[in-house]
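Structure file start.cif with mmCIF, C-alpha atoms and all ligand atoms:
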data_model
#
loop_
_atom_site.label_atom_id
_atom_site.label_comp_id
_atom_site.auth_asym_id
_atom_site.auth_seq_id
_atom_site.Cartn_x
_atom_site.Cartn_y
_atom_site.Cartn_z
CA MET A 274 -53.10 -49.48 -75.13
CA THR A 275 -51.14 -50.20 -78.24
CA PHE A 276 -47.41 -50.55 -78.75
CA GLN A 277 -47.62 -49.91 -82.47
CA PHE A 278 -46.38 -46.82 -84.21
CA THR A 279 -48.38 -45.32 -87.07
CA GLU A 280 -47.15 -45.63 -90.67
CA ASP A 281 -46.19 -41.94 -90.62
CA GLN A 282 -44.23 -42.26 -87.38
CA LEU A 283 -42.37 -45.27 -88.73
CA SER A 284 -41.53 -43.66 -92.03
CA ILE A 285 -40.14 -40.50 -90.40
CA GLN A 286 -38.19 -42.62 -87.91
CA GLU A 287 -36.69 -44.63 -90.76
CA MET A 288 -35.85 -41.50 -92.76
CA VAL A 289 -34.07 -39.87 -89.80
CA ARG A 290 -32.28 -43.12 -88.93
CA ASP A 291 -31.07 -43.47 -92.48
CA TYR A 292 -29.78 -39.89 -92.62
CA ALA A 293 -28.20 -40.04 -89.16
CA GLU A 294 -26.44 -43.34 -89.86
CA LYS A 295 -25.18 -42.29 -93.30
CA GLU A 296 -24.27 -38.65 -92.67
CA ILE A 297 -24.38 -37.55 -89.03
CA ARG A 298 -22.44 -40.48 -87.56
CA SER A 299 -19.44 -39.93 -89.81
CA ARG A 300 -19.02 -36.33 -88.60
CA ALA A 301 -19.57 -36.88 -84.88
CA ASP A 302 -15.92 -37.37 -83.88
CA GLU A 303 -14.64 -34.44 -85.89
CA ILE A 304 -17.38 -32.18 -84.47
CA ASP A 305 -16.41 -33.27 -80.97
CA LYS A 306 -12.71 -32.63 -81.61
CA THR A 307 -13.13 -29.23 -83.23
CA GLY A 308 -16.18 -28.14 -81.21
CA ARG A 309 -17.56 -26.58 -84.37
CA PHE A 310 -21.24 -26.05 -85.16
CA PRO A 311 -22.49 -29.03 -87.23
CA LYS A 312 -23.95 -26.89 -90.01
CA GLU A 313 -24.17 -29.71 -92.56
CA ASN A 314 -26.20 -31.81 -90.12
CA MET A 315 -28.65 -29.00 -89.41
CA ASP A 316 -28.96 -28.20 -93.14
CA GLY A 317 -29.56 -31.87 -93.87
CA LEU A 318 -32.20 -32.16 -91.16
CA ARG A 319 -33.91 -29.06 -92.55
CA GLU A 320 -33.88 -30.47 -96.08
CA LEU A 321 -35.59 -33.58 -94.74
CA GLY A 322 -38.21 -31.46 -92.95
CA VAL A 323 -37.02 -32.63 -89.52
CA LEU A 324 -35.72 -29.33 -88.10
CA GLN A 325 -39.12 -27.74 -88.79
CA LEU A 326 -41.05 -30.96 -88.09
CA THR A 327 -43.78 -29.60 -85.82
CA ILE A 328 -44.17 -26.14 -87.37
CA PRO A 329 -47.48 -25.81 -89.25
CA GLU A 330 -47.23 -25.84 -93.05
CA GLU A 331 -48.58 -22.29 -93.36
CA TYR A 332 -45.40 -21.11 -91.59
CA GLY A 333 -43.10 -23.17 -93.80
CA GLY A 334 -42.93 -26.21 -91.54
CA THR A 335 -43.62 -29.91 -92.08
CA GLY A 336 -46.82 -29.76 -90.04
CA VAL A 337 -46.30 -32.97 -88.05
CA ASP A 338 -47.98 -32.12 -84.76
CA ASP A 339 -46.87 -35.23 -82.93
CA GLU A 340 -44.80 -35.55 -79.75
CA ILE A 341 -43.98 -39.19 -80.49
CA THR A 342 -42.53 -38.46 -83.93
CA LYS A 343 -40.48 -35.65 -82.40
CA ALA A 344 -39.14 -38.01 -79.72
CA LEU A 345 -38.29 -40.70 -82.29
CA ALA A 346 -36.43 -38.17 -84.45
CA VAL A 347 -34.33 -36.92 -81.51
CA MET A 348 -33.54 -40.52 -80.47
CA GLU A 349 -32.27 -41.45 -83.94
CA VAL A 350 -30.03 -38.38 -84.13
CA ALA A 351 -28.74 -38.88 -80.55
CA LYS A 352 -27.67 -42.45 -81.34
CA CYS A 353 -25.15 -40.97 -83.75
CA CYS A 354 -24.29 -37.49 -82.44
CA ALA A 355 -25.46 -36.07 -79.11
CA SER A 356 -24.37 -32.52 -80.04
CA THR A 357 -26.63 -32.49 -83.08
CA ALA A 358 -29.51 -33.98 -81.07
CA GLU A 359 -29.15 -31.26 -78.44
CA ILE A 360 -29.24 -28.46 -81.03
CA LEU A 361 -32.32 -29.99 -82.66
CA ASP A 362 -34.03 -30.54 -79.33
CA VAL A 363 -33.49 -26.99 -77.99
CA HIS A 364 -34.80 -25.66 -81.30
CA TYR A 365 -37.90 -27.83 -80.82
CA LEU A 366 -38.30 -26.53 -77.24
CA SER A 367 -38.17 -22.89 -78.23
CA THR A 368 -40.49 -23.50 -81.21
CA ASP A 369 -42.95 -25.38 -79.01
CA ILE A 370 -43.23 -22.41 -76.62
CA ILE A 371 -43.86 -20.01 -79.52
CA MET A 372 -46.48 -22.35 -81.02
CA ARG A 373 -48.29 -22.79 -77.70
CA LYS A 374 -48.00 -19.27 -76.29
CA GLY A 375 -47.20 -16.96 -79.20
CA THR A 376 -49.64 -14.40 -80.59
CA PHE A 377 -50.59 -14.51 -84.26
CA GLU A 378 -47.96 -11.82 -84.98
CA GLN A 379 -45.22 -13.59 -83.00
CA LYS A 380 -45.92 -16.84 -84.83
CA ALA A 381 -46.02 -15.08 -88.19
CA LEU A 382 -42.62 -13.51 -87.50
CA TYR A 383 -40.66 -16.29 -85.81
CA LEU A 384 -42.06 -19.62 -87.02
CA PRO A 385 -41.02 -19.05 -90.67
CA GLN A 386 -37.54 -18.11 -89.45
CA ALA A 387 -37.39 -21.22 -87.26
CA ALA A 388 -38.57 -23.31 -90.21
CA GLU A 389 -35.80 -21.81 -92.37
CA GLY A 390 -33.20 -23.03 -89.90
CA LYS A 391 -32.63 -19.90 -87.83
CA LEU A 392 -32.11 -21.41 -84.42
CA GLY A 393 -34.21 -20.64 -81.39
CA GLY A 394 -33.20 -20.96 -77.73
CA PHE A 395 -34.58 -20.75 -74.22
CA ALA A 396 -32.99 -18.48 -71.61
CA LEU A 397 -33.95 -19.04 -67.99
CA THR A 398 -30.72 -19.83 -66.10
CA GLU A 399 -28.60 -17.11 -64.50
CA PRO A 400 -25.42 -17.26 -62.45
CA GLY A 401 -27.45 -17.02 -59.23
CA ALA A 402 -30.53 -18.90 -60.45
CA GLY A 403 -30.04 -22.49 -61.61
CA SER A 404 -32.28 -25.08 -59.99
CA ASP A 405 -34.02 -22.24 -58.16
CA ALA A 406 -35.57 -20.07 -60.87
CA GLY A 407 -37.00 -17.91 -58.06
CA GLY A 408 -33.60 -16.23 -57.86
CA LEU A 409 -33.75 -14.52 -61.27
CA LYS A 410 -32.15 -11.07 -61.43
CA THR A 411 -32.62 -10.15 -65.11
CA LYS A 412 -34.98 -7.20 -65.05
CA ALA A 413 -37.58 -6.00 -67.54
CA GLU A 414 -38.69 -2.48 -66.67
CA ARG A 415 -41.67 -0.89 -68.31
CA ASP A 416 -41.06 2.27 -70.35
CA GLY A 417 -44.18 3.42 -72.20
CA ASP A 418 -45.21 0.62 -74.54
CA SER A 419 -41.82 -1.07 -74.23
CA TYR A 420 -39.76 -2.97 -71.70
CA ILE A 421 -36.06 -2.42 -71.07
CA LEU A 422 -34.21 -5.67 -70.36
CA ASN A 423 -30.98 -5.83 -68.37
CA GLY A 424 -29.16 -8.90 -67.11
CA THR A 425 -27.05 -11.90 -68.05
CA LYS A 426 -28.35 -15.39 -68.73
CA CYS A 427 -25.78 -18.18 -68.55
CA PHE A 428 -25.38 -21.63 -70.11
CA ILE A 429 -27.73 -20.80 -72.99
CA SER A 430 -27.84 -23.53 -75.63
CA ASN A 431 -28.04 -22.68 -79.33
CA LEU A 432 -26.19 -19.44 -78.63
CA GLY A 433 -22.68 -18.99 -79.95
CA PRO A 434 -20.69 -16.30 -81.75
CA GLU A 435 -22.50 -17.28 -84.97
CA GLU A 436 -25.45 -19.36 -83.78
CA GLY A 437 -28.79 -18.38 -82.32
CA ASN A 438 -31.49 -16.17 -83.79
CA HIS A 439 -34.23 -15.72 -81.21
CA PHE A 440 -34.66 -16.59 -77.54
CA VAL A 441 -37.45 -17.04 -75.04
CA VAL A 442 -36.13 -14.94 -72.15
CA VAL A 443 -37.66 -15.03 -68.67
CA ALA A 444 -37.16 -11.79 -66.72
CA VAL A 445 -38.45 -10.12 -63.56
CA THR A 446 -41.19 -7.58 -64.26
CA GLU A 447 -42.37 -7.22 -60.66
CA PRO A 448 -39.63 -7.65 -58.08
CA GLY A 449 -40.31 -8.99 -54.61
CA ILE A 450 -43.14 -11.40 -55.41
CA GLY A 451 -41.01 -14.36 -56.55
CA THR A 452 -41.82 -16.38 -59.63
CA LYS A 453 -45.23 -14.70 -60.05
CA GLY A 454 -43.36 -11.50 -60.88
CA THR A 455 -41.63 -12.97 -63.94
CA THR A 456 -42.59 -12.60 -67.60
CA ALA A 457 -41.43 -14.37 -70.78
CA PHE A 458 -40.26 -12.25 -73.74
CA LEU A 459 -39.29 -13.15 -77.28
CA VAL A 460 -35.91 -11.53 -77.80
CA ASP A 461 -34.29 -11.23 -81.21
CA ARG A 462 -30.54 -11.62 -81.53
CA SER A 463 -30.50 -8.57 -83.81
CA MET A 464 -31.98 -6.21 -81.17
CA PRO A 465 -29.56 -3.50 -80.01
CA GLY A 466 -28.04 -4.45 -76.65
CA VAL A 467 -28.27 -8.23 -77.21
CA SER A 468 -24.90 -9.97 -77.35
CA CYS A 469 -23.23 -13.31 -76.92
CA GLY A 470 -20.90 -13.30 -73.89
CA LYS A 471 -18.57 -16.11 -72.87
CA THR A 472 -18.93 -19.28 -74.93
CA GLU A 473 -18.36 -22.27 -72.65
CA ASP A 474 -15.61 -24.84 -73.15
CA LYS A 475 -17.51 -28.01 -72.28
CA MET A 476 -16.71 -31.59 -71.34
CA GLY A 477 -19.14 -33.05 -73.87
CA ILE A 478 -21.71 -32.17 -76.54
CA ARG A 479 -18.89 -29.98 -77.82
CA GLY A 480 -20.58 -29.13 -81.11
CA ALA A 481 -23.61 -27.65 -79.35
CA ALA A 482 -22.76 -24.04 -78.52
CA VAL A 483 -23.60 -22.83 -75.02
CA SER A 484 -22.95 -19.20 -74.08
CA GLU A 485 -23.93 -16.26 -71.96
CA LEU A 486 -26.78 -14.16 -73.30
CA VAL A 487 -25.99 -10.57 -72.35
CA LEU A 488 -28.86 -8.07 -72.30
CA GLU A 489 -27.87 -4.41 -71.95
CA ASP A 490 -30.68 -1.88 -72.14
CA VAL A 491 -32.50 -4.03 -74.68
CA ARG A 492 -35.73 -2.29 -75.64
CA VAL A 493 -38.45 -4.77 -76.59
CA PRO A 494 -42.01 -3.79 -77.47
CA SER A 495 -44.71 -5.06 -75.10
CA SER A 496 -45.91 -7.12 -78.09
CA ALA A 497 -42.80 -9.28 -77.45
CA ILE A 498 -44.38 -10.67 -74.27
CA LEU A 499 -45.21 -14.36 -74.55
CA GLY A 500 -48.48 -15.20 -72.86
CA LYS A 501 -49.38 -12.71 -70.15
CA LEU A 502 -47.48 -10.44 -67.81
CA GLY A 503 -46.51 -12.46 -64.73
CA GLU A 504 -46.69 -15.80 -66.54
CA GLY A 505 -42.94 -16.17 -67.12
CA PHE A 506 -42.31 -18.97 -64.68
CA LYS A 507 -45.49 -20.80 -65.72
CA ILE A 508 -44.45 -20.63 -69.38
CA ALA A 509 -40.92 -21.76 -68.55
CA MET A 510 -42.29 -24.78 -66.65
CA MET A 511 -44.71 -25.59 -69.47
CA GLY A 512 -41.79 -25.44 -71.94
CA LEU A 513 -39.55 -27.53 -69.72
CA ASP A 514 -42.30 -30.11 -69.32
CA GLY A 515 -42.00 -30.80 -73.04
CA GLY A 516 -38.25 -30.20 -72.91
CA ARG A 517 -37.84 -33.04 -70.44
CA ILE A 518 -39.30 -35.44 -72.99
CA GLY A 519 -36.70 -34.09 -75.40
CA ILE A 520 -33.82 -34.73 -72.99
CA ALA A 521 -35.24 -38.16 -72.20
CA SER A 522 -35.31 -38.84 -75.97
CA GLN A 523 -31.69 -37.74 -76.31
CA ALA A 524 -30.88 -40.06 -73.40
CA CYS A 525 -32.62 -43.04 -75.01
CA GLY A 526 -30.68 -42.47 -78.22
CA VAL A 527 -27.37 -42.23 -76.35
CA ALA A 528 -28.19 -45.39 -74.35
CA PHE A 529 -29.06 -47.42 -77.46
CA GLY A 530 -25.99 -46.04 -79.22
CA ALA A 531 -23.76 -47.14 -76.32
CA ILE A 532 -25.29 -50.63 -76.30
CA ALA A 533 -24.60 -50.97 -80.04
CA GLU A 534 -20.95 -49.99 -79.52
CA ALA A 535 -20.62 -52.47 -76.64
CA VAL A 536 -22.16 -55.32 -78.63
CA LYS A 537 -19.89 -54.62 -81.60
CA TYR A 538 -16.69 -54.36 -79.60
CA SER A 539 -17.36 -57.33 -77.33
CA GLY A 540 -18.03 -59.51 -80.37
CA GLU A 541 -14.72 -58.50 -81.97
CA ARG A 542 -12.32 -58.36 -79.04
CA VAL A 543 -10.68 -61.71 -78.31
CA GLN A 544 -9.14 -62.54 -74.92
CA PHE A 545 -8.42 -65.98 -73.46
CA GLY A 546 -8.99 -67.41 -76.97
CA LYS A 547 -12.62 -66.28 -77.40
CA PRO A 548 -14.59 -63.08 -77.96
CA ILE A 549 -15.07 -61.29 -74.64
CA SER A 550 -18.84 -61.43 -75.30
CA ALA A 551 -18.67 -65.17 -74.60
CA ASN A 552 -18.19 -64.34 -70.90
CA GLN A 553 -21.39 -64.39 -68.92
CA GLY A 554 -20.18 -61.47 -66.81
CA LEU A 555 -20.17 -59.21 -69.87
CA GLN A 556 -23.43 -60.67 -71.20
CA TRP A 557 -25.04 -59.63 -67.92
CA TYR A 558 -23.68 -56.11 -68.42
CA LEU A 559 -25.40 -56.06 -71.82
CA ALA A 560 -28.63 -57.38 -70.31
CA ASP A 561 -28.53 -54.73 -67.57
CA MET A 562 -28.00 -52.01 -70.16
CA ALA A 563 -30.74 -53.31 -72.44
CA VAL A 564 -33.42 -53.43 -69.76
CA ARG A 565 -32.64 -49.91 -68.53
CA ALA A 566 -32.65 -48.50 -72.06
CA GLU A 567 -35.96 -50.23 -72.77
CA ALA A 568 -37.55 -48.91 -69.54
CA ALA A 569 -36.28 -45.41 -70.37
CA TRP A 570 -37.76 -45.70 -73.87
CA LEU A 571 -41.14 -46.77 -72.51
CA LEU A 572 -41.28 -43.94 -69.94
CA THR A 573 -40.24 -41.43 -72.59
CA LEU A 574 -42.79 -42.52 -75.17
CA LYS A 575 -45.52 -42.76 -72.54
CA ALA A 576 -44.79 -39.15 -71.53
CA ALA A 577 -44.80 -38.11 -75.21
CA ALA A 578 -48.10 -39.89 -75.88
CA LEU A 579 -49.80 -38.32 -72.83
CA ARG A 580 -48.51 -34.84 -73.65
CA GLN A 581 -49.77 -35.26 -77.20
CA GLN A 582 -53.25 -35.98 -75.84
CA GLY A 583 -53.04 -33.04 -73.42
CA LEU A 584 -53.21 -35.44 -70.46
CA PRO A 585 -51.26 -34.89 -67.25
CA CYS A 586 -47.97 -36.74 -67.09
CA THR A 587 -44.87 -36.65 -64.95
CA THR A 588 -42.30 -35.96 -67.64
CA ALA A 589 -39.73 -35.60 -64.83
CA MET A 590 -39.87 -39.37 -64.30
CA ALA A 591 -38.84 -40.00 -67.92
CA LYS A 592 -36.11 -37.32 -67.87
CA TRP A 593 -34.62 -38.55 -64.61
CA TYR A 594 -34.72 -42.26 -65.39
CA ALA A 595 -33.59 -41.99 -69.01
CA SER A 596 -30.66 -39.69 -68.26
CA GLU A 597 -29.44 -41.95 -65.47
CA ALA A 598 -29.88 -44.97 -67.79
CA ALA A 599 -27.85 -43.27 -70.54
CA CYS A 600 -24.96 -42.59 -68.16
CA TYR A 601 -25.16 -46.15 -66.81
CA CYS A 602 -25.09 -47.62 -70.33
CA CYS A 603 -22.16 -45.44 -71.42
CA ASP A 604 -20.22 -46.33 -68.28
CA LEU A 605 -20.68 -50.08 -68.78
CA ALA A 606 -20.06 -49.83 -72.52
CA LEU A 607 -16.78 -48.06 -71.80
CA GLN A 608 -15.92 -50.76 -69.24
CA ILE A 609 -16.57 -53.43 -71.88
CA HIS A 610 -14.07 -51.64 -74.14
CA GLY A 611 -11.39 -51.88 -71.41
CA GLY A 612 -8.44 -49.52 -71.95
CA TYR A 613 -9.46 -48.87 -75.56
CA GLY A 614 -12.69 -47.31 -74.31
CA TYR A 615 -10.64 -44.68 -72.53
CA MET A 616 -8.97 -43.64 -75.78
CA LYS A 617 -10.35 -41.19 -78.31
CA ASP A 618 -10.00 -43.81 -81.07
CA TYR A 619 -13.34 -45.33 -80.04
CA PRO A 620 -16.65 -43.43 -80.08
CA ILE A 621 -17.58 -44.61 -76.60
CA GLU A 622 -15.09 -42.14 -75.05
CA ARG A 623 -17.04 -39.25 -76.62
CA MET A 624 -20.42 -40.80 -75.82
CA TYR A 625 -19.47 -41.18 -72.15
CA ARG A 626 -18.63 -37.45 -71.96
CA ASP A 627 -21.69 -36.44 -73.99
CA ALA A 628 -24.04 -38.43 -71.76
CA ARG A 629 -23.02 -36.69 -68.55
CA ILE A 630 -24.90 -33.48 -69.27
CA LEU A 631 -28.22 -35.33 -69.53
CA ARG A 632 -28.43 -35.59 -65.73
CA ILE A 633 -27.91 -31.84 -65.36
CA TYR A 634 -29.62 -29.65 -67.94
CA GLU A 635 -33.31 -28.81 -68.01
CA GLY A 636 -33.39 -29.75 -64.33
CA THR A 637 -30.89 -31.96 -62.52
CA SER A 638 -31.75 -35.52 -61.46
CA GLU A 639 -32.19 -34.21 -57.91
CA VAL A 640 -34.73 -31.63 -59.09
CA GLN A 641 -36.58 -34.29 -61.11
CA LYS A 642 -36.76 -36.40 -57.94
CA MET A 643 -38.34 -33.44 -56.13
CA VAL A 644 -40.95 -33.14 -58.90
CA VAL A 645 -41.66 -36.88 -58.92
CA ALA A 646 -41.90 -37.01 -55.11
CA ARG A 647 -44.34 -34.09 -55.11
CA ALA A 648 -46.53 -35.90 -57.67
CA VAL A 649 -46.38 -39.15 -55.70
CA MET A 650 -47.35 -37.44 -52.45
CA LYS A 651 -50.24 -35.60 -54.14
CA GLY A 652 -51.54 -38.99 -55.20
C1 LIG B 701 -24.44 -27.64 -71.37
C2 LIG B 701 -25.55 -26.90 -70.68
C3 LIG B 701 -26.59 -26.39 -71.43
C4 LIG B 701 -27.61 -25.67 -70.81
N1 LIG B 701 -28.61 -25.08 -71.56
C5 LIG B 701 -29.48 -24.24 -70.96
C6 LIG B 701 -30.40 -23.48 -71.76
O1 LIG B 701 -30.45 -23.57 -72.99
N2 LIG B 701 -31.23 -22.60 -71.11
C7 LIG B 701 -31.22 -22.44 -69.76
O2 LIG B 701 -31.99 -21.63 -69.25
N3 LIG B 701 -30.36 -23.17 -68.98
C8 LIG B 701 -29.50 -24.05 -69.56
N4 LIG B 701 -28.60 -24.77 -68.78
C9 LIG B 701 -28.64 -24.62 -67.34
C10 LIG B 701 -29.09 -25.87 -66.61
O3 LIG B 701 -30.47 -26.08 -66.78
C11 LIG B 701 -28.66 -25.71 -65.14
O4 LIG B 701 -27.25 -25.86 -65.12
C12 LIG B 701 -29.33 -26.70 -64.22
O5 LIG B 701 -30.69 -26.46 -64.11
C13 LIG B 701 -28.70 -26.71 -62.82
O6 LIG B 701 -28.49 -25.42 -62.32
P1 LIG B 701 -27.05 -25.04 -61.72
O7 LIG B 701 -26.04 -25.44 -62.74
O8 LIG B 701 -27.07 -23.63 -61.30
O9 LIG B 701 -26.87 -25.97 -60.46
P2 LIG B 701 -27.42 -25.70 -58.98
O10 LIG B 701 -28.84 -25.33 -59.01
O11 LIG B 701 -26.47 -24.78 -58.29
O12 LIG B 701 -27.27 -27.14 -58.35
C14 LIG B 701 -26.03 -27.69 -57.89
C15 LIG B 701 -26.31 -29.05 -57.25
O13 LIG B 701 -27.21 -28.89 -56.15
C16 LIG B 701 -28.35 -29.72 -56.33
N5 LIG B 701 -29.52 -29.06 -55.75
C17 LIG B 701 -29.94 -27.78 -55.92
N6 LIG B 701 -31.06 -27.57 -55.23
C18 LIG B 701 -31.38 -28.73 -54.63
C19 LIG B 701 -32.45 -29.15 -53.77
N7 LIG B 701 -33.44 -28.33 -53.42
N8 LIG B 701 -32.45 -30.42 -53.33
C20 LIG B 701 -31.45 -31.28 -53.68
N9 LIG B 701 -30.43 -30.94 -54.49
C21 LIG B 701 -30.41 -29.69 -54.95
C22 LIG B 701 -28.47 -29.90 -57.84
O14 LIG B 701 -29.23 -31.04 -58.17
C23 LIG B 701 -27.01 -30.01 -58.23
O15 LIG B 701 -26.56 -31.31 -57.99
C24 LIG B 701 -27.60 -25.52 -69.39
C25 LIG B 701 -26.56 -26.07 -68.64
C26 LIG B 701 -25.54 -26.74 -69.26
C27 LIG B 701 -24.41 -27.27 -68.41
#
As structure tokens, how would this structure be written, given the file I've shared?
Amino acid sequence: MTFQFTEDQLSIQEMVRDYAEKEIRSRADEIDKTGRFPKENMDGLRELGVLQLTIPEEYGGTGVDDEITKALAVMEVAKCCASTAEILDVHYLSTDIIMRKGTFEQKALYLPQAAEGKLGGFALTEPGAGSDAGGLKTKAERDGDSYILNGTKCFISNLGPEEGNHFVVVAVTEPGIGTKGTTAFLVDRSMPGVSCGKTEDKMGIRGAAVSELVLEDVRVPSSAILGKLGEGFKIAMMGLDGGRIGIASQACGVAFGAIAEAVKYSGERVQFGKPISANQGLQWYLADMAVRAEAAWLLTLKAAALRQQGLPCTTAMAKWYASEAACYCCDLALQIHGGYGYMKDYPIERMYRDARILRIYEGTSEVQKMVVARAVMKG
């Protein structure tokens, strides 16, 4: 076991850190206030080769096939702006599914678009099917060599009035047999019948658009199937397995970002004639935050390293622990700011709201506990 990053990993981490600190951080508050899409950030990340990091060079990508580098990039962005990290991460998730399960034609069509910055998304959730994906109602009915899709997906990230180019959509192809009757399709935003429904007004990550994906008599060729017929749930779980490392990476970034804000503020704020950081009570808060962030980081990078090697790993453990750690760190960091932390003048107010989603999307903490418990009991 080694705790050393490679030269390449370090240089990409440094490049992303530099860009995030110089450019992304300065826009984070305005993006939160306006809820606008952070186009400059995504353009900048594309210019650096980060948005298309894992896409092979023949498709216009950077060709860095490395889960650890991906995790480090998301962490650096999340330290500065959780909305931007979420957009990047969902794009990585959708791209990962296409790279792992796409046919030659699907890759040739969508990977160059993804590399160009046309955003991908992942559409599993429906109003009646959240934690329980067995409750999907979106139907895909065969018609000759095509399928006709009907249904509404909700809470779909990277989908807004302007944003979102292509989506991995899981739909029911054989009703009555549960998750084995679901299939994954690659659906293009430009297909007739595809539209963006309600765009959500969210508590946090306000720059990351989340909307309903409405599918009305959308005709897709059978060549749009990802993997095989009946593999929809399996593909979704495979995608979410990697996605959980992404959320855990966002969480680590948010946790480290919150610690930095707490250290800065507690060193500057003077009460009782000394900086508040001179009080052991607050130092212990910082120590508590630091150890949780470090444990989250280790679990996340362990999961990334194992996935990279194709070895089994419980990514749910990293997602659960890191998201809880991020919320814990933001809560204590806000407490350290006292009343000022409750005001929008300090970034911790935004970070506290941004962090809250980490315990919910791509599987709630409760669902992660179910997955971890199952793995523990299996031995
Ligand atoms: C901002 C945002 C972005 C999202 N992006 C996407 C996206 O891009 N694509 C996508 O497909 N989905 C997306 N989602 C959906 C997200 O993954 C779901 O919200 C999440 O999985 C939980 O589903 P639910 O909201 O229906 O809650 P429910 O499943 O209704 O759960 C409600 C509560 O019950 C608990 N619960 C449920 N079942 C159990 C059980 N068996 N044991 C114990 N507790 C249980 C849950 O943990 C939770 O606390 C997004 C959601 C949000 C809010």
Give me, as an mmCIF file with C-alpha atoms, keeping the file's coordinate frame, all polymer residues having an atom no more than 10 Å from Leu321 in chain A, counting only C-alpha atoms and skipping those fewer than 4 positions away in the same chain.
data_model
loop_
_atom_site.group_PDB
_atom_site.id
_atom_site.type_symbol
_atom_site.label_atom_id
_atom_site.label_comp_id
_atom_site.auth_asym_id
_atom_site.auth_seq_id
_atom_site.Cartn_x
_atom_site.Cartn_y
_atom_site.Cartn_z
ATOM 1 C CA ILE A 285 -40.140 -40.500 -90.400
ATOM 2 C CA MET A 288 -35.850 -41.500 -92.760
ATOM 3 C CA VAL A 289 -34.070 -39.870 -89.800
ATOM 4 C CA TYR A 292 -29.780 -39.890 -92.620
ATOM 5 C CA MET A 315 -28.650 -29.000 -89.410
ATOM 6 C CA ASP A 316 -28.960 -28.200 -93.140
ATOM 7 C CA GLY A 317 -29.560 -31.870 -93.870
ATOM 8 C CA GLN A 325 -39.120 -27.740 -88.790
ATOM 9 C CA LEU A 326 -41.050 -30.960 -88.090
ATOM 10 C CA THR A 335 -43.620 -29.910 -92.080
#
Which residues of range 426-538 of chain A have any atom within 6 Å of an atom in range 602-617 of chain A when counting all atoms listed in the file, and what is the closest pair of atoms for each, with the distance in Å to one decimal? Order the rows by chain and rising number and write it as CSV.
residue,atom,partner,partner_atom,distance
A:Ala528,CA,A:Cys602,CA,5.5
A:Ala531,CA,A:Cys603,CA,5.4
A:Ala535,CA,A:Ala606,CA,4.9
Residues from the last selection, C-alpha atoms, saved as a tab-separated table (two decimals), in the coordinates of the input:
chain	number	residue	atom	x	y	z
A	528	ALA	CA	-28.19	-45.39	-74.35
A	531	ALA	CA	-23.76	-47.14	-76.32
A	535	ALA	CA	-20.62	-52.47	-76.64
For this session: Might you pull out every residue within 7 Å of range 496-499 of chain A, with all atoms listed in the file counted and same-chain residues fewer than 5 positions away left off, and present them as an MDAnalysis selection string?
Result: chainID A and resid 374:375 457:459
Problem set entry | Who sits within 8 Å of Pro385 in chain A, all atoms listed in the file, same chain under 4 positions skipped, as a list in words |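 The neighbour list is Tyr332, Gly333, Gly334, Lys380, Ala381 and Glu389 of chain A.
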Exercise. Closest to ligand LIG 701 (chain B) among A:Glu320, A:Asp490, A:Asp561, A:Asp405, using only C-alpha atoms and all ligand atoms?
Worked result: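 Of A:Glu320, A:Asp490, A:Asp561, A:Asp405, the one nearest ligand LIG 701 (chain B), counting only C-alpha atoms and all ligand atoms, is A:Asp405.
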Exercise. For Arg623 in chain A, which of A:Lys575, A:Lys306, A:Arg300, A:Lys295 is the closest residue, counting only C-alpha atoms?
Worked result: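 Checking each of A:Lys575, A:Lys306, A:Arg300, A:Lys295 against Arg623 in chain A, counting only C-alpha atoms, the winner is A:Lys306.
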For this session: Let me have all residues with an atom within 6 Å of ligand LIG 701 (chain B), counting all atoms listed in the file, laid out as a list in words.
Result: Phe395, Ala396, Leu397, Thr398, Ala402, Gly403, Ser404, Phe428, Ile429, Ser430, Val483, Ile633, Tyr634, Glu635, Gly636, Thr637, Glu639 and Val640 of chain A
Problem set entry | Close residues, Arg309 in chain A itself excluded, 10 Å, all atoms listed in the file, min 4 positions apart in chain, as a list in words |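 Those residues are Glu303, Ile304, Asp305, Arg479, Gly480, Ala481 and Ala482 of chain A.
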For this session: Using all atoms listed in the file, pick whichever of A:Met464, A:Leu382, A:Leu513, A:Val536 has the shortest atom-to-atom distance to Pro548 in chain A.
Result: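 Counting all atoms listed in the file, the residue closest to Pro548 in chain A is A:Val536.
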Problem set entry | Contacts of Asp281 in chain A at 12 Å (all atoms listed in the file; same-chain gap of 4+ positions) as a list in words | Gln277, Ile285, Gln286, Glu287, Met288, Val337, Asp338, Asp339, Ile341, Thr342, Lys343 and Leu345 of chain A
Exercise. Separation of CA of Val445 in chain A and CA of Ile421 in chain A, in Å?
Worked result: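 Pair CA of Val445 in chain A / CA of Ile421 in chain A returns 11.0 Å.
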Problem set entry | Pairwise distance for CA of Pro400 in chain A and CA of Val467 in chain A, rounded to one decimal in Å |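 About the pair CA of Pro400 in chain A and CA of Val467 in chain A: they are 17.5 Å apart.
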Taking all atoms of range 293-297 of chain A that the file lists, what box with edges along x, y and z, padded by 5 Å per side, do you get, with centre and edge lengths in Å to one decimal, as JSON?
{"center_x": -26.2, "center_y": -40.4, "center_z": -91.2, "size_x": 13.9, "size_y": 15.8, "size_z": 14.3}
For this session: Would you mind telling me which residue in A:Ser539, A:Asn438, A:Thr376, A:Ser468 lies nearest to Leu392 in chain A when using all atoms listed in the file?
Result: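 Between A:Ser539, A:Asn438, A:Thr376, A:Ser468, the residue approaching Leu392 in chain A most closely is A:Asn438.
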Exercise. Just how far from CA of Gly652 in chain A is CA of Ala524 in chain A, in Å to one decimal?
Worked result: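 Between CA of Ala524 in chain A and CA of Gly652 in chain A the gap is 27.6 Å.
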